Structure formats: structure tokens, C-alpha cells
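Asker: upload-v9.cif is reproduced in full below (mmCIF, C-alpha atoms).
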```
data_target
loop_
_atom_site.group_PDB
_atom_site.id
_atom_site.type_symbol
_atom_site.label_atom_id
_atom_site.label_comp_id
_atom_site.auth_asym_id
_atom_site.auth_seq_id
_atom_site.Cartn_x
_atom_site.Cartn_y
_atom_site.Cartn_z
ATOM 1 C CA MET A 11 62.675 20.185 -6.078
ATOM 2 C CA PRO A 12 64.497 21.995 -3.236
ATOM 3 C CA THR A 13 63.105 25.168 -1.702
ATOM 4 C CA ALA A 14 65.597 28.011 -1.229
ATOM 5 C CA VAL A 15 65.267 30.310 1.787
ATOM 6 C CA ARG A 16 67.225 33.587 1.779
ATOM 7 C CA ALA A 17 67.499 36.078 4.649
ATOM 8 C CA LEU A 18 66.814 39.723 3.842
ATOM 9 C CA VAL A 19 69.840 41.842 4.891
ATOM 10 C CA PRO A 20 68.874 45.418 5.830
ATOM 11 C CA SER A 21 72.244 46.965 4.850
ATOM 12 C CA ARG A 22 71.914 46.125 1.198
ATOM 13 C CA PRO A 23 69.066 45.496 -1.254
ATOM 14 C CA PRO A 24 68.084 41.883 -1.941
ATOM 15 C CA ARG A 25 70.100 40.168 -4.636
ATOM 16 C CA PRO A 26 68.320 39.717 -7.977
ATOM 17 C CA LEU A 27 66.529 36.376 -7.990
ATOM 18 C CA VAL A 28 68.142 34.869 -11.044
ATOM 19 C CA ARG A 29 69.135 31.446 -9.803
ATOM 20 C CA ALA A 30 66.390 28.854 -9.547
ATOM 21 C CA ALA A 31 66.835 25.293 -8.400
ATOM 22 C CA ARG A 32 65.622 22.888 -11.067
ATOM 23 C CA PRO A 33 62.848 20.514 -10.035
ATOM 24 C CA ALA A 34 63.886 16.873 -10.041
ATOM 25 C CA LEU A 35 61.513 15.575 -12.723
ATOM 26 C CA PRO A 36 61.627 12.454 -14.907
ATOM 27 C CA ALA A 37 63.307 12.739 -18.269
ATOM 28 C CA VAL A 38 59.947 12.564 -20.033
ATOM 29 C CA LEU A 39 59.178 16.028 -18.639
ATOM 30 C CA ALA A 40 62.386 17.562 -19.992
ATOM 31 C CA VAL A 41 60.688 19.532 -22.796
ATOM 32 C CA LEU A 42 60.886 23.178 -21.737
ATOM 33 C CA LEU A 43 58.570 25.952 -22.781
ATOM 34 C CA THR A 44 60.003 29.227 -24.149
ATOM 35 C CA LEU A 45 59.827 31.865 -21.404
ATOM 36 C CA ILE A 46 58.925 35.441 -22.364
ATOM 37 C CA SER A 47 59.904 38.425 -20.184
ATOM 38 C CA PRO A 48 58.380 41.704 -21.439
ATOM 39 C CA ALA A 49 60.837 44.595 -21.126
ATOM 40 C CA GLY A 50 59.846 47.443 -18.848
ATOM 41 C CA ALA A 51 56.793 45.636 -17.457
ATOM 42 C CA PRO A 52 55.839 46.404 -13.838
ATOM 43 C CA ARG A 53 56.812 43.811 -11.257
ATOM 44 C CA ALA A 54 53.989 41.515 -10.219
ATOM 45 C CA VAL A 55 53.974 41.782 -6.433
ATOM 46 C CA ALA A 56 50.949 40.994 -4.279
ATOM 47 C CA ARG A 57 51.122 42.216 -0.648
ATOM 48 C CA PRO A 58 48.050 40.989 1.238
ATOM 49 C CA GLY A 59 49.457 41.224 4.772
ATOM 50 C CA GLY A 60 53.039 42.443 4.654
ATOM 51 C CA TRP A 61 54.363 39.394 2.806
ATOM 52 C CA SER A 62 54.517 39.344 -0.995
ATOM 53 C CA LEU A 63 54.336 36.897 -3.897
ATOM 54 C CA ALA A 64 56.168 37.398 -7.207
ATOM 55 C CA PRO A 65 57.942 35.561 -10.034
ATOM 56 C CA LEU A 66 61.616 34.974 -9.375
ATOM 57 C CA GLY A 67 63.964 37.189 -11.349
ATOM 58 C CA ASP A 68 63.679 40.250 -13.523
ATOM 59 C CA GLY A 69 60.421 41.966 -12.607
ATOM 60 C CA ARG A 70 58.039 39.966 -14.778
ATOM 61 C CA PRO A 71 54.353 40.855 -14.308
ATOM 62 C CA ALA A 72 53.351 37.197 -14.760
ATOM 63 C CA PHE A 73 54.608 33.754 -15.661
ATOM 64 C CA TYR A 74 54.677 33.485 -19.474
ATOM 65 C CA ALA A 75 55.244 30.384 -21.576
ATOM 66 C CA GLU A 76 54.670 29.035 -25.061
ATOM 67 C CA GLY A 77 54.864 25.457 -26.288
ATOM 68 C CA ALA A 78 53.152 22.425 -27.736
ATOM 69 C CA PRO A 79 50.764 20.084 -25.862
ATOM 70 C CA GLY A 80 52.676 17.972 -23.364
ATOM 71 C CA ALA A 81 55.444 20.558 -22.886
ATOM 72 C CA VAL A 82 56.482 21.556 -19.372
ATOM 73 C CA LEU A 83 57.041 25.032 -17.891
ATOM 74 C CA ARG A 84 59.654 25.130 -15.142
ATOM 75 C CA ASP A 85 59.810 28.305 -13.085
ATOM 76 C CA THR A 86 60.156 29.579 -9.533
ATOM 77 C CA VAL A 87 57.890 31.714 -7.385
ATOM 78 C CA SER A 88 59.190 33.738 -4.442
ATOM 79 C CA VAL A 89 57.436 34.510 -1.162
ATOM 80 C CA THR A 90 59.024 37.459 0.670
ATOM 81 C CA ASN A 91 58.371 38.168 4.341
ATOM 82 C CA PRO A 92 59.897 41.552 5.367
ATOM 83 C CA GLY A 93 58.089 41.549 8.712
ATOM 84 C CA ARG A 94 59.264 40.699 12.210
ATOM 85 C CA THR A 95 57.273 37.481 12.637
ATOM 86 C CA PRO A 96 57.184 34.280 10.553
ATOM 87 C CA VAL A 97 54.397 33.672 8.057
ATOM 88 C CA THR A 98 53.037 30.339 6.861
ATOM 89 C CA VAL A 99 51.533 30.083 3.374
ATOM 90 C CA ARG A 100 50.191 27.373 1.103
ATOM 91 C CA LEU A 101 50.746 27.436 -2.652
ATOM 92 C CA ARG A 102 48.528 26.112 -5.391
ATOM 93 C CA GLY A 103 47.735 26.589 -9.062
ATOM 94 C CA THR A 104 44.339 27.843 -10.164
ATOM 95 C CA GLY A 105 43.287 27.113 -13.740
ATOM 96 C CA VAL A 106 46.616 25.412 -14.457
ATOM 97 C CA PRO A 107 47.997 22.045 -13.243
ATOM 98 C CA ALA A 108 50.880 23.348 -11.108
ATOM 99 C CA VAL A 109 53.146 21.049 -9.080
ATOM 100 C CA PHE A 110 55.328 22.704 -6.410
ATOM 101 C CA ALA A 111 58.520 21.559 -4.720
ATOM 102 C CA ARG A 112 56.633 22.365 -1.510
ATOM 103 C CA ASP A 113 53.006 23.459 -1.444
ATOM 104 C CA GLY A 114 53.171 24.534 2.202
ATOM 105 C CA LEU A 115 56.026 26.508 3.766
ATOM 106 C CA ARG A 116 56.934 28.662 6.757
ATOM 107 C CA VAL A 117 58.837 31.818 5.848
ATOM 108 C CA PRO A 118 60.847 33.291 8.761
ATOM 109 C CA ALA A 119 60.991 37.034 9.457
ATOM 110 C CA ARG A 120 63.019 39.122 6.989
ATOM 111 C CA THR A 121 63.364 36.127 4.660
ATOM 112 C CA ARG A 122 62.570 35.275 1.077
ATOM 113 C CA ALA A 123 61.627 31.699 0.083
ATOM 114 C CA GLU A 124 62.054 30.499 -3.514
ATOM 115 C CA VAL A 125 59.831 27.600 -4.534
ATOM 116 C CA PRO A 126 60.321 25.840 -7.914
ATOM 117 C CA PHE A 127 57.226 24.556 -9.689
ATOM 118 C CA THR A 128 56.167 23.013 -12.985
ATOM 119 C CA VAL A 129 53.102 23.463 -15.167
ATOM 120 C CA THR A 130 52.418 20.841 -17.841
ATOM 121 C CA VAL A 131 50.349 21.808 -20.888
ATOM 122 C CA PRO A 132 47.598 19.150 -21.249
ATOM 123 C CA GLY A 133 48.370 16.693 -24.023
ATOM 124 C CA ASP A 134 44.930 17.186 -25.601
ATOM 125 C CA ALA A 135 44.973 20.998 -25.435
ATOM 126 C CA GLY A 136 44.097 22.757 -28.681
ATOM 127 C CA PRO A 137 46.054 25.748 -29.996
ATOM 128 C CA GLY A 138 45.361 29.061 -28.305
ATOM 129 C CA ASP A 139 45.851 30.935 -25.049
ATOM 130 C CA ARG A 140 45.306 29.464 -21.590
ATOM 131 C CA THR A 141 45.215 31.462 -18.365
ATOM 132 C CA GLY A 142 45.603 30.618 -14.708
ATOM 133 C CA ALA A 143 47.421 31.805 -11.622
ATOM 134 C CA ILE A 144 49.844 30.834 -8.890
ATOM 135 C CA GLU A 145 48.142 31.504 -5.574
ATOM 136 C CA ALA A 146 49.457 31.792 -2.010
ATOM 137 C CA ARG A 147 47.237 31.937 1.078
ATOM 138 C CA ASP A 148 48.340 32.510 4.670
ATOM 139 C CA ALA A 149 46.864 31.184 7.915
ATOM 140 C CA HIS A 150 44.584 34.242 8.211
ATOM 141 C CA GLY A 151 43.009 33.640 4.802
ATOM 142 C CA ARG A 152 44.874 36.487 3.095
ATOM 143 C CA ARG A 153 45.599 35.632 -0.509
ATOM 144 C CA ALA A 154 48.003 36.734 -3.232
ATOM 145 C CA THR A 155 48.131 35.632 -6.883
ATOM 146 C CA VAL A 156 50.424 35.988 -9.889
ATOM 147 C CA PRO A 157 48.959 35.313 -13.366
ATOM 148 C CA VAL A 158 50.114 32.421 -15.555
ATOM 149 C CA ARG A 159 49.794 32.917 -19.328
ATOM 150 C CA LEU A 160 50.224 29.872 -21.559
ATOM 151 C CA ARG A 161 50.127 29.886 -25.337
ATOM 152 C CA VAL A 162 49.602 26.446 -26.855
ATOM 153 C CA GLY A 163 51.091 25.986 -30.310
ATOM 154 C CA GLY A 164 50.152 23.639 -33.143
ATOM 155 C CA PRO A 165 47.937 23.714 -36.227
ATOM 156 C CA ALA A 166 44.423 25.077 -35.810
ATOM 157 C CA LEU A 167 41.880 22.678 -37.322
ATOM 158 C CA ALA A 168 38.109 23.214 -37.170
ATOM 159 C CA ALA A 169 36.256 19.945 -37.809
ATOM 160 C CA LEU A 170 33.094 18.291 -36.480
ATOM 161 C CA THR A 171 30.662 15.460 -37.203
ATOM 162 C CA VAL A 172 26.933 14.918 -36.668
ATOM 163 C CA GLU A 173 26.177 11.409 -35.400
ATOM 164 C CA ARG A 174 23.297 9.276 -34.082
ATOM 165 C CA LEU A 175 20.598 11.336 -35.763
ATOM 166 C CA ALA A 176 17.126 10.040 -34.860
ATOM 167 C CA VAL A 177 13.524 11.231 -35.236
ATOM 168 C CA HIS A 178 11.134 10.697 -32.324
ATOM 169 C CA ALA A 179 7.482 11.515 -31.801
ATOM 170 C CA ASP A 180 8.029 15.163 -30.876
ATOM 171 C CA ARG A 181 11.770 15.833 -31.258
ATOM 172 C CA ILE A 182 14.932 15.165 -33.226
ATOM 173 C CA THR A 183 18.019 13.972 -31.343
ATOM 174 C CA TYR A 184 21.631 13.948 -32.484
ATOM 175 C CA GLU A 185 25.241 14.080 -31.275
ATOM 176 C CA LEU A 186 27.886 16.664 -32.146
ATOM 177 C CA VAL A 187 31.552 15.656 -31.953
ATOM 178 C CA ASN A 188 34.461 18.109 -32.180
ATOM 179 C CA ARG A 189 37.036 16.328 -34.356
ATOM 180 C CA GLY A 190 39.414 19.308 -34.592
ATOM 181 C CA THR A 191 41.846 21.188 -32.394
ATOM 182 C CA THR A 192 39.905 24.396 -31.709
ATOM 183 C CA VAL A 193 36.915 25.262 -29.529
ATOM 184 C CA LEU A 194 33.734 25.357 -31.619
ATOM 185 C CA VAL A 195 30.496 27.305 -31.210
ATOM 186 C CA PRO A 196 28.224 25.449 -33.663
ATOM 187 C CA ARG A 197 25.291 26.762 -35.705
ATOM 188 C CA LEU A 198 22.405 24.465 -36.643
ATOM 189 C CA ALA A 199 19.991 24.431 -39.597
ATOM 190 C CA VAL A 200 17.163 21.847 -39.849
ATOM 191 C CA ARG A 201 15.120 20.892 -42.893
ATOM 192 C CA ALA A 202 12.510 18.186 -43.444
ATOM 193 C CA ASP A 203 10.706 17.301 -46.684
ATOM 194 C CA GLY A 204 7.543 15.232 -46.932
ATOM 195 C CA LEU A 205 6.731 12.286 -49.162
ATOM 196 C CA PHE A 206 5.631 14.400 -52.141
ATOM 197 C CA GLY A 207 8.314 17.092 -51.798
ATOM 198 C CA ARG A 208 6.365 19.337 -49.440
ATOM 199 C CA ARG A 209 8.583 21.241 -46.987
ATOM 200 C CA VAL A 210 7.313 20.381 -43.500
ATOM 201 C CA LEU A 211 10.151 21.874 -41.441
ATOM 202 C CA ASP A 212 12.596 24.664 -42.295
ATOM 203 C CA ARG A 213 14.702 26.292 -39.560
ATOM 204 C CA GLY A 214 17.527 28.545 -40.686
ATOM 205 C CA PRO A 215 21.006 28.577 -39.136
ATOM 206 C CA ARG A 216 21.178 29.667 -35.510
ATOM 207 C CA ALA A 217 23.857 29.454 -32.839
ATOM 208 C CA LEU A 218 23.506 26.589 -30.378
ATOM 209 C CA PRO A 219 24.019 27.295 -26.652
ATOM 210 C CA VAL A 220 27.051 24.996 -26.418
ATOM 211 C CA ARG A 221 30.835 25.306 -26.639
ATOM 212 C CA LEU A 222 32.667 22.227 -27.844
ATOM 213 C CA PRO A 223 36.309 21.887 -26.798
ATOM 214 C CA PRO A 224 38.507 19.571 -28.891
ATOM 215 C CA GLY A 225 37.376 15.965 -28.563
ATOM 216 C CA ALA A 226 34.093 16.819 -26.844
ATOM 217 C CA ARG A 227 30.833 14.995 -27.644
ATOM 218 C CA ARG A 228 27.407 16.463 -26.838
ATOM 219 C CA THR A 229 23.945 14.907 -27.184
ATOM 220 C CA LEU A 230 21.394 17.536 -28.219
ATOM 221 C CA SER A 231 17.689 17.657 -28.962
ATOM 222 C CA GLU A 232 15.636 19.721 -31.400
ATOM 223 C CA PRO A 233 11.902 20.023 -30.560
ATOM 224 C CA TRP A 234 9.366 19.322 -33.302
ATOM 225 C CA PRO A 235 5.864 19.830 -31.882
ATOM 226 C CA GLY A 236 4.120 20.372 -35.247
ATOM 227 C CA ARG A 237 5.118 17.070 -36.823
ATOM 228 C CA PRO A 238 2.989 15.529 -39.585
ATOM 229 C CA VAL A 239 0.232 13.061 -38.744
ATOM 230 C CA LEU A 240 0.537 10.937 -41.893
ATOM 231 C CA ASP A 241 3.645 11.328 -44.013
ATOM 232 C CA GLU A 242 7.128 10.092 -44.712
ATOM 233 C CA VAL A 243 9.740 12.758 -44.068
ATOM 234 C CA ARG A 244 13.425 13.111 -44.774
ATOM 235 C CA VAL A 245 15.208 15.171 -42.103
ATOM 236 C CA ARG A 246 18.555 16.862 -42.769
ATOM 237 C CA LEU A 247 20.718 18.616 -40.181
ATOM 238 C CA THR A 248 23.485 20.997 -41.238
ATOM 239 C CA VAL A 249 25.958 22.175 -38.603
ATOM 240 C CA THR A 250 28.621 24.821 -39.211
ATOM 241 C CA ALA A 251 31.212 26.611 -37.083
ATOM 242 C CA ALA A 252 33.860 29.291 -37.479
ATOM 243 C CA GLY A 253 37.007 28.156 -39.216
ATOM 244 C CA GLY A 254 35.212 26.328 -42.034
ATOM 245 C CA ALA A 255 33.824 23.395 -40.045
ATOM 246 C CA ARG A 256 30.714 21.891 -41.657
ATOM 247 C CA ALA A 257 28.860 18.607 -41.258
ATOM 248 C CA THR A 258 25.517 17.199 -42.405
ATOM 249 C CA ALA A 259 23.449 14.175 -41.522
ATOM 250 C CA ASP A 260 20.072 12.971 -42.715
ATOM 251 C CA THR A 261 17.559 10.286 -41.916
ATOM 252 C CA SER A 262 13.950 9.432 -42.729
ATOM 253 C CA ALA A 263 10.898 8.490 -40.708
ATOM 254 C CA ALA A 264 7.287 7.615 -41.469
ATOM 255 C CA TYR A 265 4.551 9.196 -39.380
ATOM 256 C CA VAL A 266 1.720 6.681 -39.338
ATOM 257 C CA PRO A 267 -1.407 6.899 -37.105
ATOM 258 C CA TRP A 268 -1.496 3.192 -36.256
ATOM 259 C CA GLY A 269 -4.532 3.698 -34.040
ATOM 260 C CA ALA A 270 -6.648 5.041 -36.924
ATOM 261 C CA VAL A 271 -9.458 3.004 -38.431
ATOM 262 C CA GLY A 272 -11.436 3.162 -41.649
ATOM 263 C CA GLY A 273 -10.079 5.797 -44.035
ATOM 264 C CA GLY A 274 -7.103 6.527 -41.768
ATOM 265 C CA ALA A 275 -6.003 2.904 -41.853
ATOM 266 C CA ALA A 276 -6.377 2.813 -45.627
ATOM 267 C CA ALA A 277 -4.265 5.961 -45.961
ATOM 268 C CA ALA A 278 -1.584 4.401 -43.782
ATOM 269 C CA ALA A 279 -1.598 1.319 -45.993
ATOM 270 C CA VAL A 280 -1.170 3.475 -49.100
ATOM 271 C CA LEU A 281 1.754 5.284 -47.471
ATOM 272 C CA LEU A 282 3.502 2.040 -46.564
ATOM 273 C CA TRP A 283 2.906 0.650 -50.077
ATOM 274 C CA TRP A 284 4.369 3.806 -51.610
ATOM 275 C CA ARG A 285 7.409 3.561 -49.383
ATOM 276 C CA ALA A 286 7.974 -0.049 -50.419
ATOM 277 C CA ARG A 287 7.908 0.854 -54.123
ATOM 278 C CA ARG A 288 9.936 4.055 -53.812
ATOM 279 C CA PRO A 289 13.708 3.498 -54.227
ATOM 280 C CA ARG A 290 15.874 4.771 -51.378
ATOM 281 C CA ARG A 291 18.377 7.481 -52.138
ATOM 282 C CA ALA A 292 22.023 6.584 -52.183
ATOM 283 C CA GLY A 293 23.682 7.288 -48.856
ATOM 284 C CA ALA A 294 20.365 7.695 -47.041
ATOM 285 C CA GLY A 295 20.386 7.323 -43.299
ATOM 286 C CA PRO A 296 18.260 4.945 -41.237
ATOM 287 C CA ALA A 297 14.511 5.008 -41.578
ATOM 288 C CA GLY A 298 11.747 4.165 -39.158
ATOM 289 C CA ALA A 299 8.083 4.567 -38.419
ATOM 290 C CA VAL A 300 6.841 7.012 -35.775
ATOM 291 C CA SER A 301 3.317 6.789 -34.448
#
```
Represent the structure from my file as C-alpha cells, please.
Answerer:
Amino acid sequence: MPTAVRALVPSRPPRPLVRAARPALPAVLAVLLTLISPAGAPRAVARPGGWSLAPLGDGRPAFYAEGAPGAVLRDTVSVTNPGRTPVTVRLRGTGVPAVFARDGLRVPARTRAEVPFTVTVPGDAGPGDRTGAIEARDAHGRRATVPVRLRVGGPALAALTVERLAVHADRITYELVNRGTTVLVPRLAVRADGLFGRRVLDRGPRALPVRLPPGARRTLSEPWPGRPVLDEVRVRLTVTAAGGARATADTSAAYVPWGAVGGGAAAAAVLLWWRARRPRRAGAGPAGAVS
């Protein structure tokens, strides 16, 4: 990807920057994003120390693109030095995976440098907007940025699963997996019924302090300090999220005071006998004893 350097001629205004050298990329990166140039928008020019940073061309306020995951944005950024001494800057992308023809360059006095770059939309990105910036920094630490706005296309699907549900002595653990293409903010409801139908735990839906990007898996824990001493419980978790995502999981556990003697031991024996005679529900999750 060659870097173009153009001298600034005082007797006439700079030519419009409409010609950009194409980066030499493999054919697999040949899918181009659709560029959007808003009419009448103010030119994005950052002037931290006399030099300036801007998109090449027609006064765009930012780099805009739209495409599917895996698509590639090809564009060019210009660094203009109208001063009397050279300036050295380094380029990088922030929030976006930008690759430049040259990430470090020296711009002579009264010269404009044009640097092609590419930004590839991650292959696993879900639909929606992504933001970032192209940044330049000089040897004195002065910085200039131009925004990058990406819109990822594709169908929006909200889907999740609840997995590895388990009941422990004082907590319930489980995993949430985002099986869709959108970011999810899940809500959790927990219910537990005892051996004879008595409700021993009932927590209504509430938002969890997690954000699940597409494909993410999180292991979470729900405290249960007031658990039964002697009972068999069936625990059900219901998780929902915006967009219609919903998942449930259930399991059972027996709370048995194995250290008890006398009447306590007899009660434990009755509980275990009742469990052995009671048919399991179809589709029931794993069961276990908790002391």
C-alpha cells in the first residue's frame, strides 16, 4: 500500500484529494464496504500542533462504512503539514482493527501525506453499529483523531441457553451462553419447590449485571443462604432478554442432614425412601444430595 506525499503550493489551493492508492491486499479481502458521504457535513480536521488529520476527499466528518461480517473497508487518511518544519507522526486504529500502508511517517514542510488503510469487520460481529477512530500522534505527544463508524449488517437473532445448572450447599451455579447475533442483557427468575409442593424460593425477574456479546459464555452464581435443612427441592431458572430470547433449566437436589442422629436420621431415611418411590418427571435435570 504506497503512501502518497504531495507538496502544498502556496499560489493555488490544494487539489481535492479524490485519488487514493489501493492497498495491495490478498484477493480474499476484496469485499468492499459501501462508503457513505453525508452531504454538507463539516470537514473532520484535527489540528493539534499546526498539522492536521482528515479523511481523504470530499469533506467527510468521519470514515463511514456498512457491510457484513468479514467485509473490508478500504480508505485513505491524509496528514497535512502546512508549517515550515517537518513533522513525524504515528498512525493507529483505536476500537477498530486498522492496518496502514505505513503506520509511521515523516511529513515534510508544506506537504500532505496520503496513507491508505483497511479496516476488517470481525467475522463474528453481530448486527449493529461499531465505533472507533483513526489516530495520529506526533513526537511531542500531540494527538489528532477522526471517527470511524461501522454498521454491521445481517439478521438480528436473540437466543440464549442456560447450561450446567447445579445446586450447592449455599448457592446455585449455572452458565449463560449467547447463541444469537445480538448483545444480550439477561434477566433472571429463580423458583424452587419442596418435596410436598411448598414454595421454598421465589425470586422474580431482575436484570443481571452482565452483557453477553454473541457467542459469549458466562458462569454465574445465585446465593441461597436460607436453604432447607431436610427436603427435596426442584430448582428452575428462567432467563429472558430483549428480542424474545428465553431459556429455562431445572434440576433437583435433596437436602439431608447426614450428621443428624435419632429422629433426624429417621426423617432423612423417610425422605430418601420417598424419593425412591416417587417417579421422576419427564425431562428432569440431574439430581443430587446436599448436606
Asker: Which residue is closest to Gly142 (chain A)? Choose from A:Gly254, A:Pro118, A:Pro165, A:Pro107 and count all atoms listed in the file.
Answerer: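 Among the listed residues, A:Pro107 lies closest to Gly142 (chain A).
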Asker: Quick one, how far is CA of Val162 (chain A) from CA of Val131 (chain A)?
Answerer: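 We find that CA of Val162 (chain A) and CA of Val131 (chain A) lie 7.6 Å from each other.
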Asker: Could you write out as a PyMOL selection string the residues that the PyMOL selection byres ((chain A and resi 169) around 6) matches in the shown file?
Answerer: chain A and resi 168+170+189-190+255
Asker: In the coordinates of the file, take the point (21.0, 11.3, -31.3) and a cut-off of 12 Å; then, counting only C-alpha atoms, name each qualifying protein, DNA or RNA residue as number ranges by chain.
Answerer: A: 172-178, 181-187, 227-232, 247, 259-261
Asker: May I have the selected residues written with C-alpha atoms, as an mmCIF file, keeping the file's coordinate frame?
Answerer:
```
data_model
loop_
_atom_site.group_PDB
_atom_site.id
_atom_site.type_symbol
_atom_site.label_atom_id
_atom_site.label_comp_id
_atom_site.auth_asym_id
_atom_site.auth_seq_id
_atom_site.Cartn_x
_atom_site.Cartn_y
_atom_site.Cartn_z
ATOM 1 C CA VAL A 172 26.933 14.918 -36.668
ATOM 2 C CA GLU A 173 26.177 11.409 -35.400
ATOM 3 C CA ARG A 174 23.297 9.276 -34.082
ATOM 4 C CA LEU A 175 20.598 11.336 -35.763
ATOM 5 C CA ALA A 176 17.126 10.040 -34.860
ATOM 6 C CA VAL A 177 13.524 11.231 -35.236
ATOM 7 C CA HIS A 178 11.134 10.697 -32.324
ATOM 8 C CA ARG A 181 11.770 15.833 -31.258
ATOM 9 C CA ILE A 182 14.932 15.165 -33.226
ATOM 10 C CA THR A 183 18.019 13.972 -31.343
ATOM 11 C CA TYR A 184 21.631 13.948 -32.484
ATOM 12 C CA GLU A 185 25.241 14.080 -31.275
ATOM 13 C CA LEU A 186 27.886 16.664 -32.146
ATOM 14 C CA VAL A 187 31.552 15.656 -31.953
ATOM 15 C CA ARG A 227 30.833 14.995 -27.644
ATOM 16 C CA ARG A 228 27.407 16.463 -26.838
ATOM 17 C CA THR A 229 23.945 14.907 -27.184
ATOM 18 C CA LEU A 230 21.394 17.536 -28.219
ATOM 19 C CA SER A 231 17.689 17.657 -28.962
ATOM 20 C CA GLU A 232 15.636 19.721 -31.400
ATOM 21 C CA LEU A 247 20.718 18.616 -40.181
ATOM 22 C CA ALA A 259 23.449 14.175 -41.522
ATOM 23 C CA ASP A 260 20.072 12.971 -42.715
ATOM 24 C CA THR A 261 17.559 10.286 -41.916
#
```
Asker: Excluding Gly164 (chain A) and residues on its chain fewer than 5 positions from it, collect all residues at most 8 Å away from it, counting all atoms listed in the file, and give them as a count of residues only.
Answerer: 3
Asker: Just to confirm, what's the straight-line distance from CA of Gly204 (chain A) to CA of Thr171 (chain A) in Å (one decimal)?
Answerer: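 Atom-to-atom, CA of Gly204 (chain A) to CA of Thr171 (chain A), that is 25.1 Å.
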Asker: Take the PyMOL selection byres ((chain A and resi 91) around 7), run it mentally on this structure, and tell me the resulting residues as number ranges by chain.
Answerer: A: 60-62, 89-90, 92-93, 117, 119-122
Asker: For the residues selected in the previous step, produce a file with C-alpha atoms as a PDB file, in the coordinates of the input.
Answerer:
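Result file follows (result-v3.pdb):
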```
ATOM      1  CA  GLY A  60      53.039  42.443   4.654  1.00  0.00           C
ATOM      2  CA  TRP A  61      54.363  39.394   2.806  1.00  0.00           C
ATOM      3  CA  SER A  62      54.517  39.344  -0.995  1.00  0.00           C
ATOM      4  CA  VAL A  89      57.436  34.510  -1.162  1.00  0.00           C
ATOM      5  CA  THR A  90      59.024  37.459   0.670  1.00  0.00           C
ATOM      6  CA  PRO A  92      59.897  41.552   5.367  1.00  0.00           C
ATOM      7  CA  GLY A  93      58.089  41.549   8.712  1.00  0.00           C
ATOM      8  CA  VAL A 117      58.837  31.818   5.848  1.00  0.00           C
ATOM      9  CA  ALA A 119      60.991  37.034   9.457  1.00  0.00           C
ATOM     10  CA  ARG A 120      63.019  39.122   6.989  1.00  0.00           C
ATOM     11  CA  THR A 121      63.364  36.127   4.660  1.00  0.00           C
ATOM     12  CA  ARG A 122      62.570  35.275   1.077  1.00  0.00           C
TER      13      ARG A 122
END
```
